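Asks: Quick one: this structure, given as structure tokens, is what I'll be asking you about.
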Amino acid sequence: MITVVGTGTGSPLPGDVAVGAELVVGGRRHLDAVRLPEGARTVVLGALAPALDTVAEYVAKGRPVTVLASGDPGFFGIVRALAERFGPERLDVRAGVSSVAAAFARAGLPWDDAVVASAHGRDLRTAVNLCRAYPKVAVLTGPGAGPAELGAALRSDGR
């Protein structure tokens, strides 16, 4: 079983979330925020393929794995890659609040009419085109595809 735990934006992970795991995978900040089980191996997320290969070694032996993620790991998150590789039936997903839900809540805006796109690790042009086509768009950003790049691409559109 792979337990996937998301933390809400600004909310800490419960310290004991990894209890029983023999492998704990996550970003450095997530790993630093939890009490790791004695003897558990950790993998700091960076390149996804090697991390998934390590998870596969543990899953093949029936050893428990915990994957730590930000927000809702099924919303443009790690759940897609894990489900494709290992099957959704092997996942126990415990979602936190997504960054998009938190951002709209902080702005006091409903978001049931918003389009959501991700430029994090993806081509920025898709997000730019959605911003041109729809009045309310939330864009998840990342290195090289951040607010400055998005703004520059939309500057001539008056958006």
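The chains in the structure tokens are called A, B, ... from first to last as shown; in each chain the residues are counted from 1, and the ligands are counted from 1 in the order shown.
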Which polymer residues have any atom within 12 Å of an atom of A:Ala51, counting only C-alpha atoms, with same-chain residues fewer than 2 positions away left out, as a list in words?
Replies: Leu23, Val24, Val25, Gly26, Gly27, Arg41, Thr42, Val43, Val44, Leu45, Gly46, Ala47, Leu48, Ala49, Asp53, Thr54, Val55, Ala56, Glu57, Tyr58, Val65, Val67, Ile78, Ala81, Leu82 and Arg85 of chain A
Asks: Enumerate as a PyMOL selection string all residues of chain A assigned to helix (DSSP H, G or I) by DSSP on the backbone, naming them with the chain letters and numbers the document uses.
Replies: chain A and resi 28-32+48-60+79-86+88-90+99-107+124-133+147-157
Asks: Measuring between only C-alpha atoms, which one of A:Gly96, A:Arg132, A:Arg90, A:Gly158 shows the shortest distance to A:Ala60?
Replies: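 Of A:Gly96, A:Arg132, A:Arg90, A:Gly158, the one nearest A:Ala60 is A:Arg90, counting only C-alpha atoms.
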Asks: What is the distance between atom CA of A:Ala107 and atom CA of A:Val139, in Å to one decimal?
Replies: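 Between these atoms lies a distance of 14.8 Å.
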